[in-house]
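Here is the file protein-v4.cif (mmCIF, C-alpha atoms).
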```cif
data_upload
#
loop_
_atom_site.label_atom_id
_atom_site.label_comp_id
_atom_site.auth_asym_id
_atom_site.auth_seq_id
_atom_site.Cartn_x
_atom_site.Cartn_y
_atom_site.Cartn_z
CA MET A 1 124.75 98.69 108.32
CA LYS A 2 124.61 97.65 104.67
CA LYS A 3 123.86 100.28 102.04
CA THR A 4 123.55 99.96 98.27
CA ILE A 5 123.56 102.66 95.61
CA PHE A 6 121.78 101.74 92.37
CA LEU A 7 122.68 103.38 89.07
CA LEU A 8 120.86 103.01 85.76
CA ASN A 9 123.15 102.71 82.76
CA ILE A 10 121.63 100.83 79.85
CA ASP A 11 123.30 100.96 76.42
CA ASN A 12 126.29 102.87 77.81
CA TYR A 13 124.45 106.08 78.68
CA ALA A 14 126.31 109.31 77.85
CA PRO A 15 129.91 108.26 78.58
CA GLU A 16 130.97 111.91 78.28
CA ILE A 17 128.79 112.63 81.33
CA THR A 18 129.49 109.53 83.40
CA LYS A 19 133.23 110.12 82.96
CA ILE A 20 132.64 113.26 85.02
CA THR A 21 130.04 112.09 87.51
CA LEU A 22 131.19 108.55 88.36
CA PRO A 23 134.37 109.55 90.27
CA PHE A 24 132.19 111.66 92.57
CA ILE A 25 129.54 108.94 92.94
CA LYS A 26 132.20 106.35 93.74
CA HIS A 27 133.74 108.66 96.34
CA TYR A 28 130.31 109.14 97.93
CA ALA A 29 129.72 105.38 97.99
CA LYS A 30 133.10 104.80 99.65
CA ARG A 31 132.32 107.41 102.31
CA LEU A 32 128.98 105.75 103.07
CA GLY A 33 130.45 102.25 102.99
CA ALA A 34 127.94 101.51 100.24
CA GLU A 35 128.13 99.07 97.37
CA ILE A 36 127.31 100.22 93.84
CA GLN A 37 124.93 98.11 91.76
CA MET A 38 124.63 99.03 88.09
CA ILE A 39 121.37 98.28 86.26
CA THR A 40 122.52 97.54 82.71
CA GLU A 41 119.84 95.28 81.21
CA ARG A 42 116.19 95.82 80.46
CA LYS A 43 113.55 93.87 82.37
CA PHE A 44 110.51 95.91 81.31
CA PRO A 45 111.00 96.35 77.53
CA GLU A 46 107.36 97.29 76.99
CA TRP A 47 107.84 100.34 79.23
CA PRO A 48 109.84 103.54 78.64
CA LEU A 49 113.50 103.21 79.58
CA THR A 50 113.28 105.22 82.81
CA TYR A 51 110.84 102.63 84.20
CA GLU A 52 113.80 100.24 84.53
CA LYS A 53 114.59 102.03 87.80
CA LEU A 54 111.78 99.95 89.29
CA GLN A 55 114.02 96.89 89.02
CA ILE A 56 115.25 98.09 92.41
CA TYR A 57 112.18 96.54 94.04
CA GLU A 58 113.47 93.01 93.34
CA LEU A 59 117.19 93.75 93.21
CA ALA A 60 117.20 95.28 96.68
CA GLN A 61 115.52 92.19 98.11
CA LYS A 62 118.15 89.98 96.46
CA VAL A 63 121.19 91.92 97.67
CA GLY A 64 119.66 92.60 101.11
CA GLY A 65 120.68 95.32 103.49
CA ASP A 66 119.38 98.28 105.40
CA TRP A 67 119.36 101.27 103.04
CA PHE A 68 119.00 101.65 99.28
CA LEU A 69 119.75 104.72 97.22
CA TYR A 70 119.04 105.42 93.58
CA VAL A 71 121.15 108.08 91.82
CA ASP A 72 120.81 109.21 88.19
CA SER A 73 124.08 108.91 86.33
CA ASP A 74 124.05 112.64 85.50
CA VAL A 75 123.93 113.76 89.15
CA LEU A 76 127.00 115.58 90.42
CA ILE A 77 127.62 114.79 94.11
CA HIS A 78 129.90 117.02 96.16
CA PRO A 79 132.36 114.99 98.28
CA GLU A 80 130.84 116.52 101.42
CA CYS A 81 127.27 115.57 100.54
CA PRO A 82 125.53 114.23 103.66
CA ASP A 83 124.78 110.56 104.18
CA PHE A 84 121.03 111.13 104.24
CA THR A 85 120.34 107.68 105.69
CA ILE A 86 121.69 108.61 109.12
CA TYR A 87 119.12 111.40 109.46
CA LEU A 88 116.09 109.26 108.59
CA PRO A 89 113.88 106.81 110.46
CA LYS A 90 113.64 103.57 108.52
CA GLY A 91 109.96 104.17 107.85
CA THR A 92 110.63 107.43 106.01
CA VAL A 93 111.62 107.83 102.36
CA SER A 94 113.66 110.77 101.17
CA PHE A 95 114.43 112.73 98.02
CA HIS A 96 115.67 116.19 97.12
CA SER A 97 112.43 118.17 97.13
CA PRO A 98 108.75 117.44 96.56
CA ASP A 99 106.70 118.63 93.62
CA ILE A 100 102.90 118.74 93.53
CA SER A 101 101.91 115.55 91.78
CA SER A 102 98.58 116.83 90.45
CA ILE A 103 100.44 119.33 88.23
CA ARG A 104 101.83 116.51 86.06
CA PHE A 105 99.90 113.39 87.08
CA ARG A 106 96.14 112.94 86.98
CA PRO A 107 95.17 111.79 90.50
CA ASP A 108 93.82 108.30 91.13
CA LYS A 109 92.06 106.88 94.18
CA TYR A 110 95.32 106.53 96.11
CA ALA A 111 96.28 110.15 95.50
CA TYR A 112 92.82 111.36 96.52
CA ARG A 113 92.86 109.23 99.67
CA ASP A 114 96.39 110.28 100.61
CA GLY A 115 95.66 113.93 99.94
CA ARG A 116 99.27 115.15 100.04
CA TYR A 117 99.87 114.98 96.27
CA ILE A 118 103.60 114.37 96.66
CA ALA A 119 105.74 113.84 93.58
CA PRO A 120 109.45 113.12 93.99
CA GLY A 121 112.07 114.00 91.46
CA ASN A 122 113.31 110.46 90.98
CA TRP A 123 116.94 111.43 90.30
CA PHE A 124 118.11 110.70 93.85
CA MET A 125 115.95 108.55 96.12
CA VAL A 126 116.58 106.99 99.53
CA ALA A 127 114.56 104.24 101.20
CA SER A 128 115.19 101.50 103.74
CA ASP A 129 114.42 97.79 103.57
CA LEU A 130 111.08 98.62 105.22
CA CYS A 131 110.05 100.85 102.32
CA LEU A 132 110.95 98.92 99.19
CA ASP A 133 107.37 99.31 97.97
CA LEU A 134 108.53 102.76 96.91
CA TRP A 135 109.90 101.01 93.79
CA ARG A 136 107.11 98.42 93.44
CA PRO A 137 106.20 98.04 89.74
CA LEU A 138 102.83 99.46 88.78
CA GLU A 139 99.72 97.32 88.49
CA MET A 140 98.64 98.91 85.21
CA PHE A 141 99.55 98.84 81.55
CA PRO A 142 102.18 101.24 80.17
CA GLY A 143 99.62 103.13 78.09
CA GLU A 144 97.44 103.76 81.13
CA ALA A 145 100.35 105.14 83.13
CA VAL A 146 101.66 107.34 80.32
CA GLY A 147 98.13 108.57 79.65
CA ARG A 148 97.94 109.99 83.18
CA ILE A 149 101.05 112.14 82.69
CA THR A 150 101.08 115.70 81.36
CA PRO A 151 104.52 117.36 81.26
CA THR A 152 104.65 121.04 82.16
CA PRO A 153 105.06 123.63 79.38
CA THR A 154 108.70 124.14 80.45
CA GLU A 155 109.35 120.41 80.21
CA LEU A 156 107.67 120.16 76.82
CA LYS A 157 109.79 123.05 75.54
CA ALA A 158 112.91 121.15 76.64
CA GLY A 159 111.75 117.97 74.88
CA ILE A 160 110.62 116.09 77.99
CA THR A 161 107.88 113.61 77.07
CA ALA A 162 105.24 111.90 79.17
CA GLU A 163 107.11 108.63 78.65
CA HIS A 164 110.24 110.11 80.20
CA LEU A 165 108.33 110.94 83.40
CA VAL A 166 106.89 107.47 83.95
CA ASP A 167 109.31 106.67 86.80
CA ASP A 168 108.38 109.87 88.64
CA PHE A 169 104.73 108.95 88.15
CA ALA A 170 105.30 105.43 89.51
CA LEU A 171 107.00 106.65 92.68
CA ALA A 172 104.38 109.36 93.27
CA HIS A 173 101.74 106.65 92.87
CA ASN A 174 103.50 104.39 95.38
CA ILE A 175 104.05 107.15 97.93
CA ALA A 176 100.30 107.76 97.92
CA ARG A 177 99.34 104.10 97.72
CA PHE A 178 101.47 103.05 100.69
CA GLY A 179 101.23 106.31 102.62
CA PHE A 180 104.98 106.70 103.08
CA ALA A 181 106.29 109.31 105.44
CA PHE A 182 108.86 111.47 103.68
CA LYS A 183 111.53 114.01 104.51
CA SER A 184 113.27 115.99 101.79
CA PHE A 185 117.00 116.55 101.47
CA GLN A 186 116.24 120.27 101.71
CA GLU A 187 114.65 119.73 105.12
CA ILE A 188 117.75 117.84 106.25
CA TYR A 189 120.01 120.61 104.93
CA LYS A 190 118.03 123.22 106.86
CA GLN A 191 117.76 121.21 110.08
CA TYR A 192 121.46 120.39 110.29
CA GLY A 193 122.97 123.45 108.62
CA PHE A 194 124.23 121.84 105.41
CA GLU A 195 124.80 123.70 102.16
CA GLU A 196 123.37 122.34 98.91
CA ARG A 197 125.67 119.48 97.88
CA LEU A 198 123.95 118.08 94.80
CA GLN A 199 123.75 119.35 91.25
CA HIS A 200 121.32 118.01 88.68
CA TRP A 201 120.52 119.79 85.45
CA TYR A 202 117.22 118.29 84.43
CA LEU A 203 116.16 120.27 81.36
CA GLU A 204 119.50 120.97 79.74
CA THR A 205 121.03 119.29 76.72
CA LYS A 206 123.97 116.91 77.12
CA GLU A 207 126.38 119.64 76.08
CA GLN A 208 124.89 122.13 78.53
CA LYS A 209 125.05 119.57 81.34
CA ILE A 210 128.74 118.95 80.73
CA GLU A 211 129.45 122.68 80.65
CA ASN A 212 127.56 123.23 83.92
CA MET A 213 129.28 120.28 85.58
CA MET A 214 132.73 121.57 84.72
CA LYS A 215 131.82 125.03 86.02
CA ALA A 216 130.56 123.51 89.29
CA ILE A 217 133.68 121.37 89.70
CA LYS A 218 135.89 124.39 89.08
CA HIS A 219 133.88 126.41 91.61
CA TRP A 220 134.32 123.60 94.13
CA GLN A 221 138.05 123.49 93.29
CA LEU A 222 137.79 119.75 92.78
CA GLU A 223 139.27 119.34 89.29
CA HIS A 224 141.69 116.75 90.70
CA PHE A 225 138.76 114.33 91.19
CA LEU A 226 138.62 113.89 87.43
CA GLU A 227 142.21 112.73 87.40
CA THR A 228 141.64 109.80 89.78
#
```

Please lay out the structure from this file as structure tokens.
Amino acid sequence: MKKTIFLLNIDNYAPEITKITLPFIKHYAKRLGAEIQMITERKFPEWPLTYEKLQIYELAQKVGGDWFLYVDSDVLIHPECPDFTIYLPKGTVSFHSPDISSIRFRPDKYAYRDGRYIAPGNWFMVASDLCLDLWRPLEMFPGEAVGRITPTPTELKAGITAEHLVDDFALAHNIARFGFAFKSFQEIYKQYGFEERLQHWYLETKEQKIENMMKAIKHWQLEHFLET
């Protein structure tokens, strides 16, 4: 069963962070028997940078396979993190935990019709070859998409802009548009008795992220991973 993990790293994103996270991501890929595909060039220059994650829609079709994962380069993956693909039907997409989309994103006809108002945190996504429309580029102009996004007060305080959330908006839109079934990582943890095995500090500064990562790695007693 072929699996691919996509990473977004344009303009050499935060090498101080990827120096820490990549050994763990590579270990996870090896465990899953997955290939790593790095997205390093822009295809949608008129859009905010995070929208480049939607290159996966075409890239996944080119590389082929059964399962496709997207992981942000600042995600810290414990070596015992589950292979979420083996717990999912191919018609179900998965991500860490759902937010309520209407809090950040003004609903459109697809959201109203779907009625679940599901918004994924697009920092770790899983979908099969049957669900590549999860990453289908939007059929609207950048200004229209950004205009439908309102960051929360906490996000605004941390410097998160509407532009930064455009990828989350796109995937929430596609989940509603195509009516995808979903199952969160948290549901899988609970069903099979796993502990939390992912760390992602969304609102912190680069320096705070590095500090938190090193604390987590020390707590896991996995400092030797940084030496490989």

Any chance you could resolve the PyMOL selection byres ((chain A and resi 131-134) around 7) against this file and give the residues as a ChimeraX atom specification? /A:57,91,127-130,135-136,171,174-175

Quick one: apply the PyMOL selection byres ((chain A and resi 100) around 6) to the file and drop the selected residues here as a PyMOL selection string. chain A and resi 99+101-103+117-119

Written selection (C-alpha atoms) as a PDB file, in the frame of the given file:
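Full text of selection-v9.pdb as output:
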```pdb
ATOM      1  CA  ASP A  99     106.700 118.630  93.620  1.00  0.00           C
ATOM      2  CA  SER A 101     101.910 115.550  91.780  1.00  0.00           C
ATOM      3  CA  SER A 102      98.580 116.830  90.450  1.00  0.00           C
ATOM      4  CA  ILE A 103     100.440 119.330  88.230  1.00  0.00           C
ATOM      5  CA  TYR A 117      99.870 114.980  96.270  1.00  0.00           C
ATOM      6  CA  ILE A 118     103.600 114.370  96.660  1.00  0.00           C
ATOM      7  CA  ALA A 119     105.740 113.840  93.580  1.00  0.00           C
TER       8      ALA A 119
END
```

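Distance check against Tyr189 in chain A using only C-alpha atoms: of A:Phe44, A:Phe24, A:Tyr87, A:Phe169, the minimum falls on A:Tyr87.
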
Show which residues sit within 10 Å of Thr18 in chain A, as a VMD selection string. Count only C-alpha atoms, and ignore same-chain residues fewer than 5 positions away. chain A and resid 9 12 to 13 23 to 25 72 to 76 210

I'd like to see the residues matched by the PyMOL selection byres ((chain A and resi 223) around 12) on this file, and ideally I'd get them as a PDB file with C-alpha atoms, keeping the file's coordinate frame.
```pdb
ATOM      1  CA  ILE A  20     132.640 113.260  85.020  1.00  0.00           C
ATOM      2  CA  THR A  21     130.040 112.090  87.510  1.00  0.00           C
ATOM      3  CA  PRO A  23     134.370 109.550  90.270  1.00  0.00           C
ATOM      4  CA  PHE A  24     132.190 111.660  92.570  1.00  0.00           C
ATOM      5  CA  HIS A  78     129.900 117.020  96.160  1.00  0.00           C
ATOM      6  CA  MET A 213     129.280 120.280  85.580  1.00  0.00           C
ATOM      7  CA  MET A 214     132.730 121.570  84.720  1.00  0.00           C
ATOM      8  CA  LYS A 215     131.820 125.030  86.020  1.00  0.00           C
ATOM      9  CA  ALA A 216     130.560 123.510  89.290  1.00  0.00           C
ATOM     10  CA  ILE A 217     133.680 121.370  89.700  1.00  0.00           C
ATOM     11  CA  LYS A 218     135.890 124.390  89.080  1.00  0.00           C
ATOM     12  CA  HIS A 219     133.880 126.410  91.610  1.00  0.00           C
ATOM     13  CA  TRP A 220     134.320 123.600  94.130  1.00  0.00           C
ATOM     14  CA  GLN A 221     138.050 123.490  93.290  1.00  0.00           C
ATOM     15  CA  LEU A 222     137.790 119.750  92.780  1.00  0.00           C
ATOM     16  CA  HIS A 224     141.690 116.750  90.700  1.00  0.00           C
ATOM     17  CA  PHE A 225     138.760 114.330  91.190  1.00  0.00           C
ATOM     18  CA  LEU A 226     138.620 113.890  87.430  1.00  0.00           C
ATOM     19  CA  GLU A 227     142.210 112.730  87.400  1.00  0.00           C
ATOM     20  CA  THR A 228     141.640 109.800  89.780  1.00  0.00           C
TER      21      THR A 228
END
```

Using only C-alpha atoms - which residues lie no farther than 12 Å from the point (111.0, 113.6, 81.2) in the file's frame? Write them as an mmCIF file with C-alpha atoms, keeping the file's coordinate frame.
```cif
data_model
loop_
_atom_site.group_PDB
_atom_site.id
_atom_site.type_symbol
_atom_site.label_atom_id
_atom_site.label_comp_id
_atom_site.auth_asym_id
_atom_site.auth_seq_id
_atom_site.Cartn_x
_atom_site.Cartn_y
_atom_site.Cartn_z
ATOM 1 C CA PRO A 48 109.840 103.540 78.640
ATOM 2 C CA LEU A 49 113.500 103.210 79.580
ATOM 3 C CA THR A 50 113.280 105.220 82.810
ATOM 4 C CA TYR A 51 110.840 102.630 84.200
ATOM 5 C CA ARG A 104 101.830 116.510 86.060
ATOM 6 C CA GLY A 121 112.070 114.000 91.460
ATOM 7 C CA ASN A 122 113.310 110.460 90.980
ATOM 8 C CA TRP A 123 116.940 111.430 90.300
ATOM 9 C CA VAL A 146 101.660 107.340 80.320
ATOM 10 C CA ILE A 149 101.050 112.140 82.690
ATOM 11 C CA THR A 150 101.080 115.700 81.360
ATOM 12 C CA PRO A 151 104.520 117.360 81.260
ATOM 13 C CA THR A 152 104.650 121.040 82.160
ATOM 14 C CA PRO A 153 105.060 123.630 79.380
ATOM 15 C CA THR A 154 108.700 124.140 80.450
ATOM 16 C CA GLU A 155 109.350 120.410 80.210
ATOM 17 C CA LEU A 156 107.670 120.160 76.820
ATOM 18 C CA LYS A 157 109.790 123.050 75.540
ATOM 19 C CA ALA A 158 112.910 121.150 76.640
ATOM 20 C CA GLY A 159 111.750 117.970 74.880
ATOM 21 C CA ILE A 160 110.620 116.090 77.990
ATOM 22 C CA THR A 161 107.880 113.610 77.070
ATOM 23 C CA ALA A 162 105.240 111.900 79.170
ATOM 24 C CA GLU A 163 107.110 108.630 78.650
ATOM 25 C CA HIS A 164 110.240 110.110 80.200
ATOM 26 C CA LEU A 165 108.330 110.940 83.400
ATOM 27 C CA VAL A 166 106.890 107.470 83.950
ATOM 28 C CA ASP A 167 109.310 106.670 86.800
ATOM 29 C CA ASP A 168 108.380 109.870 88.640
ATOM 30 C CA PHE A 169 104.730 108.950 88.150
ATOM 31 C CA TYR A 202 117.220 118.290 84.430
ATOM 32 C CA LEU A 203 116.160 120.270 81.360
ATOM 33 C CA GLU A 204 119.500 120.970 79.740
#
```

One decimal, Å: what's the distance from CA of Ile10 in chain A over to CA of Glu35 in chain A, could you say?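 Going from CA of Ile10 in chain A over to CA of Glu35 in chain A covers 18.8 Å.
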
For His96 in chain A, the nearest of the candidates A:Phe6, A:Tyr110, A:Phe182, A:Phe141, counting all atoms listed in the file: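 Closest to His96 in chain A of all the choices is A:Phe182.
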
Atomic distance CA of Phe124 in chain A - CA of Phe95 in chain A, expressed in Å with one decimal: 5.9 Å

Edge lengths and centre in Å to one decimal, as JSON, is what I'm after for the box along x, y and z that holds all listed atoms of range 175-188 of chain A once 8 Å is added on each side.
```
{"center_x": 108.5, "center_y": 111.7, "center_z": 102.0, "size_x": 34.4, "size_y": 33.2, "size_z": 24.5}
```

Nearest to Arg177 in chain A: which of A:Tyr192, A:Tyr112, A:His200, A:Glu211 is it, counting all atoms listed in the file? A:Tyr112

Atom pair CA of Gly115 in chain A + CA of Gly179 in chain A, distance 9.8 Å

Determine, counting all atoms listed in the file, which protein, DNA and RNA residues have an atom within 10 Å of an atom of Leu59 in chain A; residues of the same chain fewer than 4 positions away are not included. Present the result as a VMD selection string. chain A and resid 6 37 39 54 to 55 63 to 64

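Nearest-residue note for Leu22 in chain A: choosing from A:Ala111, A:Ala170, A:Leu138, A:Met38, the minimum distance belongs to A:Met38, counting only C-alpha atoms.
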
Looking at only C-alpha atoms, which of A:Gln191, A:Phe178, A:Glu207, A:Glu196 is the one that sits closest to Ile17 in chain A?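 Going through A:Gln191, A:Phe178, A:Glu207, A:Glu196 one by one, the smallest distance to Ile17 in chain A is for A:Glu207.
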
Show me as number ranges by chain the residues that reach within 12 Å of (119.4, 106.3, 106.8), counting all atoms listed in the file and using the file's own coordinates. A: 1-4, 32, 34, 65-69, 82-95, 125-131, 183, 185, 188
